[in-house]
$ cat work.cif   # mmCIF, C-alpha atoms
data_query
loop_
_atom_site.label_atom_id
_atom_site.label_comp_id
_atom_site.auth_asym_id
_atom_site.auth_seq_id
_atom_site.Cartn_x
_atom_site.Cartn_y
_atom_site.Cartn_z
CA MET A 1 181.94 62.69 181.70
CA ALA A 2 178.24 62.90 182.44
CA TYR A 3 178.08 59.96 184.84
CA ASN A 4 178.52 60.30 188.60
CA THR A 5 181.52 58.64 190.21
CA LYS A 6 181.22 57.23 193.73
CA GLU A 7 183.80 55.57 195.93
CA ILE A 8 182.14 52.72 197.81
CA TRP A 9 185.13 50.70 198.93
CA ALA A 10 184.79 46.95 199.27
CA SER A 11 185.73 45.19 202.47
CA ILE A 12 189.43 44.35 202.54
CA THR A 13 188.37 40.72 203.01
CA ASN A 14 187.17 40.71 199.38
CA TYR A 15 190.36 41.57 197.48
CA GLY A 16 194.07 40.85 197.45
CA ALA A 17 197.51 42.36 197.70
CA HIS A 18 199.01 45.64 196.58
CA ARG A 19 200.46 45.83 193.07
CA ALA A 20 202.38 48.37 191.04
CA LEU A 21 200.10 50.32 188.71
CA HIS A 22 202.47 49.69 185.79
CA SER A 23 201.68 45.98 186.16
CA ILE A 24 198.15 46.57 184.81
CA ARG A 25 198.17 45.06 181.31
CA TYR A 26 194.52 44.14 180.66
CA ILE A 27 191.07 45.55 181.26
CA ALA A 28 188.51 42.78 181.66
CA ILE A 29 184.79 43.37 181.06
CA HIS A 30 182.19 41.48 183.10
CA PHE A 31 178.46 41.54 183.78
CA THR A 32 176.85 41.20 187.18
CA SER A 33 174.39 38.61 185.74
CA ASN A 34 171.54 40.20 187.71
CA ASP A 35 168.25 41.05 186.03
CA GLY A 36 167.83 44.54 187.44
CA ASP A 37 170.53 46.07 189.65
CA THR A 38 172.61 49.20 190.16
CA ALA A 39 176.25 50.10 190.59
CA GLU A 40 175.60 51.50 194.04
CA ASN A 41 173.84 48.35 195.26
CA ASN A 42 176.74 46.23 194.04
CA GLY A 43 179.20 48.53 195.75
CA LYS A 44 177.30 48.24 199.02
CA TYR A 45 177.08 44.46 198.68
CA PHE A 46 180.85 44.14 198.50
CA GLN A 47 181.24 46.27 201.59
CA GLY A 48 180.16 43.09 203.35
CA GLU A 49 182.90 40.69 204.43
CA ASN A 50 184.04 37.46 202.79
CA ARG A 51 182.16 37.74 199.48
CA LYS A 52 185.02 35.74 197.87
CA ALA A 53 184.94 37.95 194.78
CA SER A 54 185.32 41.60 193.78
CA ALA A 55 185.77 44.04 190.90
CA HIS A 56 187.41 47.41 190.58
CA TYR A 57 184.40 49.18 189.02
CA PHE A 58 180.62 48.77 188.68
CA VAL A 59 178.76 50.71 185.98
CA ASP A 60 175.08 51.50 185.44
CA ASP A 61 173.00 54.11 183.56
CA THR A 62 174.08 57.07 185.68
CA THR A 63 176.90 56.02 187.99
CA VAL A 64 180.33 54.43 188.15
CA VAL A 65 181.19 52.96 191.54
CA HIS A 66 184.87 52.50 192.35
CA SER A 67 184.91 49.46 194.62
CA VAL A 68 188.51 48.19 194.74
CA PRO A 69 191.52 50.53 194.46
CA ASP A 70 193.36 50.16 191.15
CA ASP A 71 196.59 49.31 192.97
CA ARG A 72 194.99 46.30 194.67
CA VAL A 73 194.27 42.89 193.12
CA ALA A 74 190.56 42.21 192.66
CA TRP A 75 189.32 38.61 192.66
CA SER A 76 187.61 38.65 189.28
CA VAL A 77 189.14 36.36 186.65
CA GLY A 78 190.62 33.51 188.63
CA GLY A 79 189.46 29.90 188.68
CA ASN A 80 189.71 26.87 186.45
CA LYS A 81 189.41 27.03 182.70
CA TYR A 82 186.03 26.14 181.19
CA ASN A 83 185.88 23.40 178.60
CA ASN A 84 184.53 25.58 175.78
CA GLY A 85 185.82 27.88 173.07
CA GLY A 86 186.91 30.61 175.47
CA GLY A 87 189.98 31.07 177.63
CA ARG A 88 192.47 32.10 174.93
CA LEU A 89 194.33 34.16 177.53
CA TYR A 90 194.21 31.58 180.31
CA GLY A 91 197.36 31.87 182.41
CA ILE A 92 198.27 35.16 180.69
CA ALA A 93 195.61 37.58 181.87
CA LYS A 94 195.28 37.15 185.62
CA ASN A 95 193.84 38.87 188.65
CA ALA A 96 197.27 40.37 189.28
CA ASN A 97 197.47 42.21 185.94
CA THR A 98 193.85 43.09 185.12
CA LEU A 99 191.50 45.93 185.92
CA ASN A 100 187.95 44.63 186.14
CA VAL A 101 184.79 46.45 185.08
CA GLU A 102 181.31 45.04 185.83
CA LEU A 103 178.28 46.16 183.81
CA CYS A 104 174.93 46.23 185.61
CA ASP A 105 171.49 45.61 184.10
CA THR A 106 169.24 48.37 185.37
CA VAL A 107 166.00 47.09 183.79
CA LYS A 108 164.30 44.10 185.42
CA ASN A 109 162.46 42.59 182.46
CA GLY A 110 163.38 38.90 182.28
CA THR A 111 166.38 39.54 180.02
CA VAL A 112 169.86 40.22 181.36
CA LYS A 113 171.47 42.88 179.18
CA ALA A 114 173.15 46.20 179.90
CA THR A 115 171.26 49.21 178.58
CA GLU A 116 172.74 51.52 175.97
CA ALA A 117 173.25 54.14 178.68
CA THR A 118 175.24 51.69 180.81
CA ILE A 119 177.26 50.56 177.79
CA ASN A 120 178.12 54.17 176.93
CA ASN A 121 179.21 54.88 180.48
CA ALA A 122 181.39 51.77 180.42
CA LEU A 123 182.91 52.82 177.09
CA ASN A 124 183.86 56.19 178.50
CA LEU A 125 185.25 54.68 181.70
CA VAL A 126 187.31 52.09 179.80
CA LYS A 127 188.66 54.68 177.34
CA GLY A 128 189.88 56.70 180.31
CA LEU A 129 191.48 53.67 181.94
CA MET A 130 193.15 52.67 178.66
CA SER A 131 194.74 56.10 178.44
CA LYS A 132 195.68 56.23 182.12
CA TYR A 133 197.39 52.83 182.18
CA ASN A 134 198.53 52.62 178.55
CA VAL A 135 196.36 49.59 177.79
CA PRO A 136 195.88 49.06 174.02
CA VAL A 137 192.49 48.14 172.64
CA ASP A 138 193.53 44.53 171.93
CA ARG A 139 194.02 44.09 175.67
CA VAL A 140 190.47 45.12 176.51
CA ILE A 141 189.00 41.67 176.93
CA ARG A 142 186.06 39.71 178.28
CA HIS A 143 186.11 37.46 181.30
CA TYR A 144 185.26 34.84 178.68
CA ASP A 145 188.68 35.40 177.08
CA VAL A 146 190.48 34.63 180.34
CA ASN A 147 189.04 31.29 181.41
CA GLY A 148 185.99 30.71 179.22
CA LYS A 149 183.37 31.76 181.75
CA PRO A 150 180.40 33.05 179.69
CA CYS A 151 180.74 36.59 180.98
CA PRO A 152 179.36 38.89 179.79
CA ALA A 153 176.94 36.25 178.50
CA TYR A 154 175.48 38.61 175.87
CA TRP A 155 178.97 39.24 174.44
CA VAL A 156 180.29 35.69 174.19
CA ASP A 157 179.31 36.04 170.53
CA GLU A 158 182.35 37.63 168.84
CA THR A 159 180.29 39.69 166.40
CA LEU A 160 178.13 41.23 169.12
CA TRP A 161 181.17 41.89 171.30
CA GLU A 162 182.80 43.85 168.47
CA GLN A 163 179.66 45.65 167.34
CA GLU A 164 178.26 46.61 170.71
CA PHE A 165 181.39 47.31 172.74
CA HIS A 166 184.94 46.42 171.74
CA GLY A 167 184.82 47.93 168.27
CA ARG A 168 183.33 51.15 169.63
CA LEU A 169 186.38 51.82 171.79
CA THR A 170 188.21 53.12 168.72
CA GLN A 171 185.26 54.83 167.05
CA PRO A 172 185.25 58.64 166.90
CA ASP A 173 183.35 60.59 169.51
CA ILE A 174 179.57 60.75 169.18
CA PRO A 175 178.32 64.28 168.42
CA ASP A 176 176.08 65.85 171.04
CA GLY A 177 172.39 65.66 170.17
CA LEU A 178 170.07 63.10 168.63
CA ALA A 179 171.92 60.41 166.68
CA ASP A 180 171.19 60.08 162.96
CA GLN A 181 171.10 56.30 163.17
CA ALA A 182 169.52 53.80 165.52
CA ALA A 183 171.73 52.10 168.11
CA SER A 184 172.37 48.36 168.10
CA ASP A 185 169.20 47.76 170.16
CA GLY A 186 167.07 49.55 167.57
CA ASN A 187 166.42 52.65 169.69
CA TRP A 188 167.31 56.27 168.84
CA TYR A 189 169.31 58.05 171.54
CA TYR A 190 170.15 61.62 172.48
CA TYR A 191 173.83 61.98 173.39
CA LYS A 192 175.81 64.36 175.56
CA ASP A 193 179.55 63.93 176.18
CA ASN A 194 179.61 60.62 174.27
CA GLN A 195 176.88 58.98 176.28
CA VAL A 196 173.12 58.84 176.43
CA ALA A 197 171.76 61.93 178.18
CA THR A 198 169.21 60.17 180.38
CA ASP A 199 168.33 63.51 181.99
CA TYR A 200 167.12 64.98 178.67
CA THR A 201 163.42 65.17 177.83
CA GLY A 202 162.19 67.39 175.02
CA LEU A 203 162.27 67.85 171.26
CA ALA A 204 165.40 67.15 169.25
CA GLN A 205 166.31 67.11 165.58
CA ASN A 206 168.26 64.71 163.39
CA VAL A 207 168.43 64.21 159.62
CA ASN A 208 165.06 62.44 159.75
CA GLY A 209 163.09 65.25 161.39
CA TRP A 210 162.12 66.46 164.84
CA TRP A 211 161.44 63.90 167.56
CA TYR A 212 160.14 63.70 171.09
CA VAL A 213 162.84 62.42 173.43
CA ARG A 214 162.11 61.16 176.93
CA ASN A 215 165.01 60.35 179.29
CA GLY A 216 167.45 60.29 176.40
CA VAL A 217 165.58 57.98 173.99
CA VAL A 218 163.03 58.77 171.27
CA ASN A 219 159.55 57.85 172.46
CA PHE A 220 157.82 56.60 169.33
CA GLY A 221 154.63 56.07 171.32
CA ALA A 222 154.30 59.74 172.24
CA ASN A 223 151.20 61.62 171.08
CA THR A 224 151.34 64.95 172.85
CA VAL A 225 152.23 68.64 172.60
CA ALA A 226 155.84 69.39 173.52
CA GLN A 227 158.14 72.39 173.65
CA ASN A 228 161.45 73.51 172.24
CA GLU A 229 163.02 76.97 172.03
CA ASN A 230 160.82 77.80 169.03
CA GLY A 231 157.45 77.06 170.59
CA TRP A 232 155.07 74.18 171.35
CA TRP A 233 154.52 71.46 168.74
CA LYS A 234 152.16 68.59 167.96
CA VAL A 235 153.88 65.22 168.34
CA THR A 236 152.41 62.17 166.60
CA ASN A 237 154.03 58.77 167.14
CA GLY A 238 157.15 60.45 168.46
CA ALA A 239 157.62 62.89 165.55
CA VAL A 240 156.66 66.55 165.20
CA ASP A 241 153.71 66.59 162.79
CA PHE A 242 154.09 69.75 160.73
CA ASN A 243 151.02 68.81 158.67
CA TYR A 244 148.66 68.80 161.65
CA THR A 245 146.04 71.50 162.08
CA GLY A 246 143.45 71.01 164.78
CA ILE A 247 143.27 70.62 168.56
CA ALA A 248 145.66 68.40 170.51
CA GLN A 249 146.29 67.59 174.16
CA ASN A 250 149.17 67.48 176.60
CA GLU A 251 149.25 67.39 180.40
CA ASN A 252 148.50 71.14 180.52
CA GLY A 253 145.31 71.13 178.43
CA TRP A 254 144.01 71.14 174.86
CA TRP A 255 145.61 73.47 172.33
CA ARG A 256 144.99 74.99 168.89
CA ILE A 257 147.58 73.62 166.47
CA GLU A 258 148.29 75.16 163.07
CA ASN A 259 150.85 73.47 160.82
CA GLY A 260 152.16 71.56 163.80
CA LYS A 261 152.61 74.55 166.12
CA VAL A 262 150.46 75.89 168.96
CA ASN A 263 148.89 79.24 168.04
CA PHE A 264 148.61 81.07 171.36
CA ASP A 265 146.95 84.03 169.60
CA TYR A 266 143.94 81.96 168.57
CA THR A 267 140.54 82.78 170.02
CA GLY A 268 137.40 81.24 168.57
CA LEU A 269 135.99 77.88 167.53
CA ALA A 270 138.09 75.00 166.25
CA GLN A 271 137.54 71.33 165.57
CA ASN A 272 139.17 68.01 166.31
CA GLU A 273 137.90 64.43 166.06
CA ASN A 274 135.87 64.92 169.26
CA GLY A 275 133.87 67.95 168.14
CA TRP A 276 134.01 71.76 168.03
CA PHE A 277 135.52 73.67 170.93
CA TYR A 278 135.87 77.26 172.05
CA LEU A 279 139.44 78.43 172.62
CA GLN A 280 140.97 81.51 174.19
CA GLY A 281 144.68 82.23 174.00
CA GLY A 282 145.20 79.03 172.06
CA ALA A 283 143.69 76.79 174.77
CA VAL A 284 140.27 75.17 175.01
CA ASP A 285 138.27 77.07 177.64
CA PHE A 286 136.27 74.35 179.35
CA ASN A 287 134.67 76.96 181.64
CA TYR A 288 133.07 78.85 178.78
CA ILE A 289 129.28 78.79 178.42
CA GLY A 290 127.70 81.05 175.85
CA LEU A 291 127.69 81.89 172.15
CA ALA A 292 130.61 81.73 169.76
CA LYS A 293 130.90 82.51 166.08
CA ASN A 294 132.79 81.07 163.16
CA ASP A 295 132.39 81.33 159.39
CA GLN A 296 129.51 78.85 159.51
CA GLY A 297 127.35 80.67 162.02
CA VAL A 298 126.84 81.40 165.71
CA TRP A 299 126.88 78.42 168.03
CA TYR A 300 125.93 77.58 171.59
CA VAL A 301 128.90 76.43 173.66
CA ARG A 302 128.57 74.53 176.94
CA ASN A 303 131.68 73.83 179.03
CA GLY A 304 133.91 74.73 176.13
CA LYS A 305 132.25 72.48 173.53
CA VAL A 306 129.57 73.24 170.94
CA ASP A 307 126.37 71.57 172.10
CA PHE A 308 124.69 70.43 168.89
CA ASP A 309 121.77 68.97 170.88
CA TYR A 310 120.82 72.29 172.47
CA SER A 311 117.61 74.03 171.45
CA GLY A 312 116.26 77.01 173.35
CA ASN A 313 116.93 80.56 174.31
CA THR A 314 120.16 81.95 175.66
CA SER A 315 121.30 85.37 176.72
CA VAL A 316 123.94 87.38 174.91
CA ARG A 317 126.52 89.85 176.12
CA VAL A 318 126.42 93.40 174.80
CA GLU A 319 129.25 95.92 174.94
CA LYS A 320 128.62 99.50 173.72
CA GLY A 321 125.57 98.33 171.83
CA ARG A 322 127.28 95.43 170.06
CA VAL A 323 126.47 91.76 170.59
CA ILE A 324 129.63 89.91 171.69
CA VAL A 325 129.95 86.30 170.62
#

$ encode --input "work.cif" --output "structure tokens"
Amino acid sequence: MAYNTKEIWASITNYGAHRALHSIRYIAIHFTSNDGDTAENNGKYFQGENRKASAHYFVDDTTVVHSVPDDRVAWSVGGNKYNNGGGRLYGIAKNANTLNVELCDTVKNGTVKATEATINNALNLVKGLMSKYNVPVDRVIRHYDVNGKPCPAYWVDETLWEQEFHGRLTQPDIPDGLADQAASDGNWYYYKDNQVATDYTGLAQNVNGWWYVRNGVVNFGANTVAQNENGWWKVTNGAVDFNYTGIAQNENGWWRIENGKVNFDYTGLAQNENGWFYLQGGAVDFNYIGLAKNDQGVWYVRNGKVDFDYSGNTSVRVEKGRVIV
């Protein structure tokens, strides 16, 4: 598992009695309902006394916090039944026989929804708990199924619950690397050990081509020059542009690109939409002032760029009787 696991134990005032581990019959999924939070912050919150609630686990993009021991009763699914379409397991699934997993929302953006990275971490955690406590998939439930509380609110809809979480518990493992299809949120993710590799930034390939991935997700807004084991490549709108020949920029400078790849052997003049530039070792040399030659003539270069407005005399460099341009 790629996520970190931390034990941040809740105050004993926030959960109930001991129970036999074989009494665990259900795993209930919840959401914290916060717009922007972390597993660790939730764990620390429940270290405070008399919160009147608790959960066994909190999950975010990188971390699973174990808050209440599995052999203790968390106060998670109790309370009266709501007068709605939920609560099919009211009086059957209880605090005493459930393990409770809370999903955080790490992105504060006005919409409460767990990220794909958090969902993948929760899937892996729940799969492990299912195996450990012999809980079948039909007993992985929502808080909504217990008493009708709309929790997780984004999975009260049966179709979304199946598509985005419950149905994925029995899907085969996700191959490492960039997925061939977009996730349910429309994004393309890079996976490692069945979850989004949020620590991965670089180029990755799927059946659709080569793509620039930042923090585990394809960045379709990227226009840069990025590296893989085969060299440095021009990225246009998130994809490696093998048709590009010209000069392109990244945080390290401006580079000569030929058929999508940086040519570090290139020395001479080359063009992009901003003009003609002098390059050495594949990079624009913004310190260069002097003459440079291409197949169209000899040109005056100032600070790395051909100065088409210049008229006048300039000195030349001679080595062993030959003019060097």

$ resolve_selection --input "work.cif" --expression "the PyMOL selection byres ((chain A and resi 141) around 10)" --output "VMD selection string"
chain A and resid 26 to 30 89 93 98 100 137 to 140 142 to 146 161 166

$ resolve_selection --input "work.cif" --expression "the PyMOL selection byres ((chain A and resi 49-58) around 10)" --output "ChimeraX atom specification"
/A:5-16,28-32,38-43,45-48,59-60,63-78,95,98-104,118,122,125

$ resolve_selection --input "work.cif" --expression "the PyMOL selection byres ((chain A and resi 219) around 10)" --output "ChimeraX atom specification"
/A:187-189,201,211-218,220-223,237-239

$ write_last_selection --input "work.cif" --atoms "C-alpha atoms" --output "PDB file, keeping the file's coordinate frame"
ATOM      1  CA  ASN A 187     166.420  52.650 169.690  1.00  0.00           C
ATOM      2  CA  TRP A 188     167.310  56.270 168.840  1.00  0.00           C
ATOM      3  CA  TYR A 189     169.310  58.050 171.540  1.00  0.00           C
ATOM      4  CA  THR A 201     163.420  65.170 177.830  1.00  0.00           C
ATOM      5  CA  TRP A 211     161.440  63.900 167.560  1.00  0.00           C
ATOM      6  CA  TYR A 212     160.140  63.700 171.090  1.00  0.00           C
ATOM      7  CA  VAL A 213     162.840  62.420 173.430  1.00  0.00           C
ATOM      8  CA  ARG A 214     162.110  61.160 176.930  1.00  0.00           C
ATOM      9  CA  ASN A 215     165.010  60.350 179.290  1.00  0.00           C
ATOM     10  CA  GLY A 216     167.450  60.290 176.400  1.00  0.00           C
ATOM     11  CA  VAL A 217     165.580  57.980 173.990  1.00  0.00           C
ATOM     12  CA  VAL A 218     163.030  58.770 171.270  1.00  0.00           C
ATOM     13  CA  PHE A 220     157.820  56.600 169.330  1.00  0.00           C
ATOM     14  CA  GLY A 221     154.630  56.070 171.320  1.00  0.00           C
ATOM     15  CA  ALA A 222     154.300  59.740 172.240  1.00  0.00           C
ATOM     16  CA  ASN A 223     151.200  61.620 171.080  1.00  0.00           C
ATOM     17  CA  ASN A 237     154.030  58.770 167.140  1.00  0.00           C
ATOM     18  CA  GLY A 238     157.150  60.450 168.460  1.00  0.00           C
ATOM     19  CA  ALA A 239     157.620  62.890 165.550  1.00  0.00           C
TER      20      ALA A 239
END

$ residues_around --input "work.cif" --residues "Leu269 in chain A" --least-positions-apart "4" --cutoff "9 Å" --atoms "only C-alpha atoms" --output "PyMOL selection string"
chain A and resi 276-279+292-294+305-306

$ closest_residue --input "work.cif" --among "A:Lys127, A:Lys149, A:Lys234, A:Arg25" --to "Gly85 in chain A" --atoms "all atoms listed in the file"
A:Lys149

$ decode --input "work.cif" --residues "range 95-124 of chain A" --atoms "C-alpha atoms" --output "JSON list (two decimals), in the first residue's frame"
[["chain", "number", "residue", "atom", "x", "y", "z"],
["A", 95, "ASN", "CA", -22.21, 0.55, 16.24],
["A", 96, "ALA", "CA", -21.47, -2.76, 17.94],
["A", 97, "ASN", "CA", -20.98, -4.72, 14.70],
["A", 98, "THR", "CA", -19.57, -2.17, 12.25],
["A", 99, "LEU", "CA", -16.15, -0.87, 11.34],
["A", 100, "ASN", "CA", -16.39, 2.75, 10.28],
["A", 101, "VAL", "CA", -14.32, 4.49, 7.62],
["A", 102, "GLU", "CA", -14.51, 8.27, 7.08],
["A", 103, "LEU", "CA", -13.43, 9.82, 3.76],
["A", 104, "CYS", "CA", -11.94, 13.32, 3.89],
["A", 105, "ASP", "CA", -12.18, 16.02, 1.22],
["A", 106, "THR", "CA", -8.69, 17.42, 0.78],
["A", 107, "VAL", "CA", -9.60, 20.16, -1.72],
["A", 108, "LYS", "CA", -11.36, 23.26, -0.40],
["A", 109, "ASN", "CA", -13.28, 24.40, -3.47],
["A", 110, "GLY", "CA", -16.92, 24.86, -2.45],
["A", 111, "THR", "CA", -17.83, 21.26, -3.28],
["A", 112, "VAL", "CA", -17.61, 18.44, -0.75],
["A", 113, "LYS", "CA", -16.32, 15.35, -2.54],
["A", 114, "ALA", "CA", -13.46, 12.95, -1.88],
["A", 115, "THR", "CA", -10.71, 13.06, -4.49],
["A", 116, "GLU", "CA", -9.85, 10.05, -6.63],
["A", 117, "ALA", "CA", -6.68, 9.59, -4.59],
["A", 118, "THR", "CA", -8.68, 9.46, -1.34],
["A", 119, "ILE", "CA", -11.21, 7.08, -2.89],
["A", 120, "ASN", "CA", -8.43, 4.76, -4.04],
["A", 121, "ASN", "CA", -6.85, 4.76, -0.60],
["A", 122, "ALA", "CA", -10.23, 3.95, 0.94],
["A", 123, "LEU", "CA", -10.77, 1.12, -1.55],
["A", 124, "ASN", "CA", -7.46, -0.43, -0.62]]
